[in-house]
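This is my_file_16.txt (compact mmCIF, C-alpha atoms).
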# COMPACT_ATOMS: atom_id res chain seq x y z
CA MET Q 1 -10.58 18.13 -1.40
CA THR Q 2 -8.72 18.01 -4.71
CA PHE Q 3 -4.96 18.09 -4.44
CA ALA Q 4 -2.73 20.08 -6.77
CA VAL Q 5 -0.21 17.93 -8.63
CA GLU Q 6 3.45 18.87 -9.02
CA LEU Q 7 5.98 16.92 -11.08
CA HIS Q 8 9.53 16.67 -9.83
CA PRO Q 9 11.79 17.97 -12.64
CA LEU Q 10 13.28 14.49 -13.14
CA ALA Q 11 9.81 12.92 -13.25
CA GLU Q 12 8.86 15.48 -15.88
CA ALA Q 13 11.96 14.51 -17.87
CA GLU Q 14 11.04 10.81 -17.58
CA LEU Q 15 7.54 11.54 -18.85
CA GLY Q 16 8.97 13.51 -21.76
CA ALA Q 17 11.44 10.75 -22.64
CA ALA Q 18 8.70 8.10 -22.60
CA LEU Q 19 6.51 10.27 -24.82
CA GLU Q 20 9.38 10.73 -27.26
CA ARG Q 21 9.99 6.97 -27.43
CA TYR Q 22 6.31 6.24 -28.05
CA GLU Q 23 6.13 9.07 -30.61
CA GLN Q 24 8.95 7.41 -32.57
CA TRP Q 25 6.86 4.24 -32.81
CA SER Q 26 3.48 5.84 -33.36
CA GLY Q 27 1.83 9.17 -32.68
CA ALA Q 28 -1.34 7.33 -31.67
CA THR Q 29 0.58 5.27 -29.10
CA ALA Q 30 2.11 8.44 -27.64
CA THR Q 31 -1.36 9.96 -27.40
CA ARG Q 32 -2.70 6.85 -25.64
CA PHE Q 33 0.24 6.91 -23.22
CA LEU Q 34 -0.39 10.56 -22.35
CA SER Q 35 -4.11 9.87 -21.91
CA GLU Q 36 -3.34 6.97 -19.58
CA PHE Q 37 -0.93 9.15 -17.60
CA ASP Q 38 -3.58 11.90 -17.34
CA ARG Q 39 -6.16 9.32 -16.20
CA ALA Q 40 -3.72 8.10 -13.54
CA ILE Q 41 -3.19 11.64 -12.26
CA GLY Q 42 -6.96 12.15 -12.08
CA GLN Q 43 -7.36 8.92 -10.11
CA ILE Q 44 -4.55 9.87 -7.75
CA GLN Q 45 -5.99 13.38 -7.24
CA GLY Q 46 -9.39 11.96 -6.39
CA ALA Q 47 -8.13 9.54 -3.75
CA PRO Q 48 -4.38 9.89 -3.19
CA GLU Q 49 -4.27 7.48 -0.26
CA ARG Q 50 -6.03 4.66 -2.14
CA TRP Q 51 -2.73 3.11 -3.22
CA PRO Q 52 -0.59 1.52 -0.52
CA GLN Q 53 2.24 3.42 1.04
CA SER Q 54 5.67 1.97 0.42
CA ALA Q 55 9.26 2.89 1.13
CA HIS Q 56 10.11 6.47 2.00
CA GLY Q 57 6.49 7.58 2.21
CA THR Q 58 5.79 7.09 -1.48
CA ARG Q 59 2.84 5.46 -3.20
CA ARG Q 60 2.78 3.80 -6.60
CA TYR Q 61 0.08 3.80 -9.24
CA VAL Q 62 0.68 1.25 -12.02
CA LEU Q 63 -0.52 2.33 -15.47
CA ARG Q 64 -2.93 -0.14 -17.07
CA ARG Q 65 -1.68 -0.44 -20.64
CA PHE Q 66 1.92 0.66 -20.36
CA PRO Q 67 4.87 -0.67 -18.33
CA PHE Q 68 5.16 2.45 -16.19
CA SER Q 69 4.31 3.47 -12.65
CA VAL Q 70 3.59 6.90 -11.24
CA VAL Q 71 5.48 7.19 -7.94
CA TYR Q 72 4.22 9.99 -5.74
CA ARG Q 73 4.12 11.49 -2.26
CA VAL Q 74 1.10 13.10 -0.65
CA GLY Q 75 1.81 16.46 0.94
CA ASP Q 76 -0.47 18.71 2.99
CA ARG Q 77 -2.08 20.34 -0.04
CA SER Q 78 -0.38 18.75 -3.01
CA ILE Q 79 0.73 15.53 -4.62
CA ILE Q 80 4.35 15.40 -5.72
CA VAL Q 81 5.08 12.97 -8.55
CA VAL Q 82 8.67 11.93 -7.90
CA ALA Q 83 9.04 9.45 -10.78
CA VAL Q 84 7.41 8.18 -13.93
CA SER Q 85 9.19 4.87 -13.67
CA HIS Q 86 9.51 2.17 -16.30
CA GLN Q 87 8.86 -1.14 -14.58
CA ARG Q 88 12.17 -2.57 -15.76
CA LYS Q 89 14.19 0.16 -14.07
CA ARG Q 90 15.97 -0.53 -10.82
CA PRO Q 91 13.37 -0.23 -8.03
CA GLY Q 92 13.81 2.78 -5.79
CA TYR Q 93 16.23 4.69 -8.01
CA TRP Q 94 14.15 7.81 -7.28
CA ARG Q 95 14.36 7.57 -3.46
CA ARG Q 96 16.51 10.65 -2.96
CA ARG Q 97 14.25 12.94 -4.93
CA ARG Q 98 12.55 15.56 -2.78
How does this structure look as structure tokens?
Amino acid sequence: MTFAVELHPLAEAELGAALERYEQWSGATATRFLSEFDRAIGQIQGAPERWPQSAHGTRRYVLRRFPFSVVYRVGDRSIIVVAVSHQRKRPGYWRRRR
């Protein structure tokens, strides 16, 4: 079964902010970041429980070439991305997002 993916509004804002930062440096880098994010979402959709569960029922997929993680929860029929977190941010800042 393939799960639908929903982005929490704040996760969507984090993704947009990261894209803007990379776009300022290089359009090609921004494109690579978005491709890596899309690849991560595809991997998560294909096997959402592959990555270990951590605090508050979330799971974390670490991007390969960028210092970001995709933090998500698995629902009955969907995956909710609660954060697109830079690895230098305070861990767990997204905990209260539903």
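One distance worth recording is that between atom CA of Q:Val82 and atom CA of Q:Gln24, which is 25.1 Å.
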Name the residues, using the chain letters and numbers of the file, that sit within 10 Å of (2.1, 2.5, -21.6) when counting only C-alpha atoms, and give them as a PDB file with C-alpha atoms, in the frame of the given file.
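Saved as part29.pdb:
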ATOM      1  CA  ALA Q  18       8.700   8.100 -22.600  1.00  0.00           C
ATOM      2  CA  LEU Q  19       6.510  10.270 -24.820  1.00  0.00           C
ATOM      3  CA  TYR Q  22       6.310   6.240 -28.050  1.00  0.00           C
ATOM      4  CA  THR Q  29       0.580   5.270 -29.100  1.00  0.00           C
ATOM      5  CA  ALA Q  30       2.110   8.440 -27.640  1.00  0.00           C
ATOM      6  CA  ARG Q  32      -2.700   6.850 -25.640  1.00  0.00           C
ATOM      7  CA  PHE Q  33       0.240   6.910 -23.220  1.00  0.00           C
ATOM      8  CA  LEU Q  34      -0.390  10.560 -22.350  1.00  0.00           C
ATOM      9  CA  SER Q  35      -4.110   9.870 -21.910  1.00  0.00           C
ATOM     10  CA  GLU Q  36      -3.340   6.970 -19.580  1.00  0.00           C
ATOM     11  CA  PHE Q  37      -0.930   9.150 -17.600  1.00  0.00           C
ATOM     12  CA  VAL Q  62       0.680   1.250 -12.020  1.00  0.00           C
ATOM     13  CA  LEU Q  63      -0.520   2.330 -15.470  1.00  0.00           C
ATOM     14  CA  ARG Q  64      -2.930  -0.140 -17.070  1.00  0.00           C
ATOM     15  CA  ARG Q  65      -1.680  -0.440 -20.640  1.00  0.00           C
ATOM     16  CA  PHE Q  66       1.920   0.660 -20.360  1.00  0.00           C
ATOM     17  CA  PRO Q  67       4.870  -0.670 -18.330  1.00  0.00           C
ATOM     18  CA  PHE Q  68       5.160   2.450 -16.190  1.00  0.00           C
ATOM     19  CA  SER Q  69       4.310   3.470 -12.650  1.00  0.00           C
ATOM     20  CA  HIS Q  86       9.510   2.170 -16.300  1.00  0.00           C
TER      21      HIS Q  86
END
Measuring atom to atom with all atoms listed in the file, identify which of Q:Asp76, Q:Ser26, Q:Val70, Q:Lys89 is nearest to Q:Glu12.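 Checking each candidate against Q:Glu12, we get Q:Val70 as the closest.
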Nearest to Q:Val84: which of Q:Ala4, Q:Ala11, Q:Ala17, Q:Ala40 is it, counting only C-alpha atoms? Q:Ala11
Could you work out how far atom CA of Q:Leu7 lies from atom CA of Q:Arg60, giving the answer in Å with one decimal? 14.2 Å
Find the residues around Q:Val71 up to 12 Å (all atoms listed in the file counted), leave out those fewer than 6 positions away in its own chain, and share them as a ChimeraX atom specification. /Q:6-8,10-12,14-15,37,40-41,44,48,51-63,79-87,91-95,97
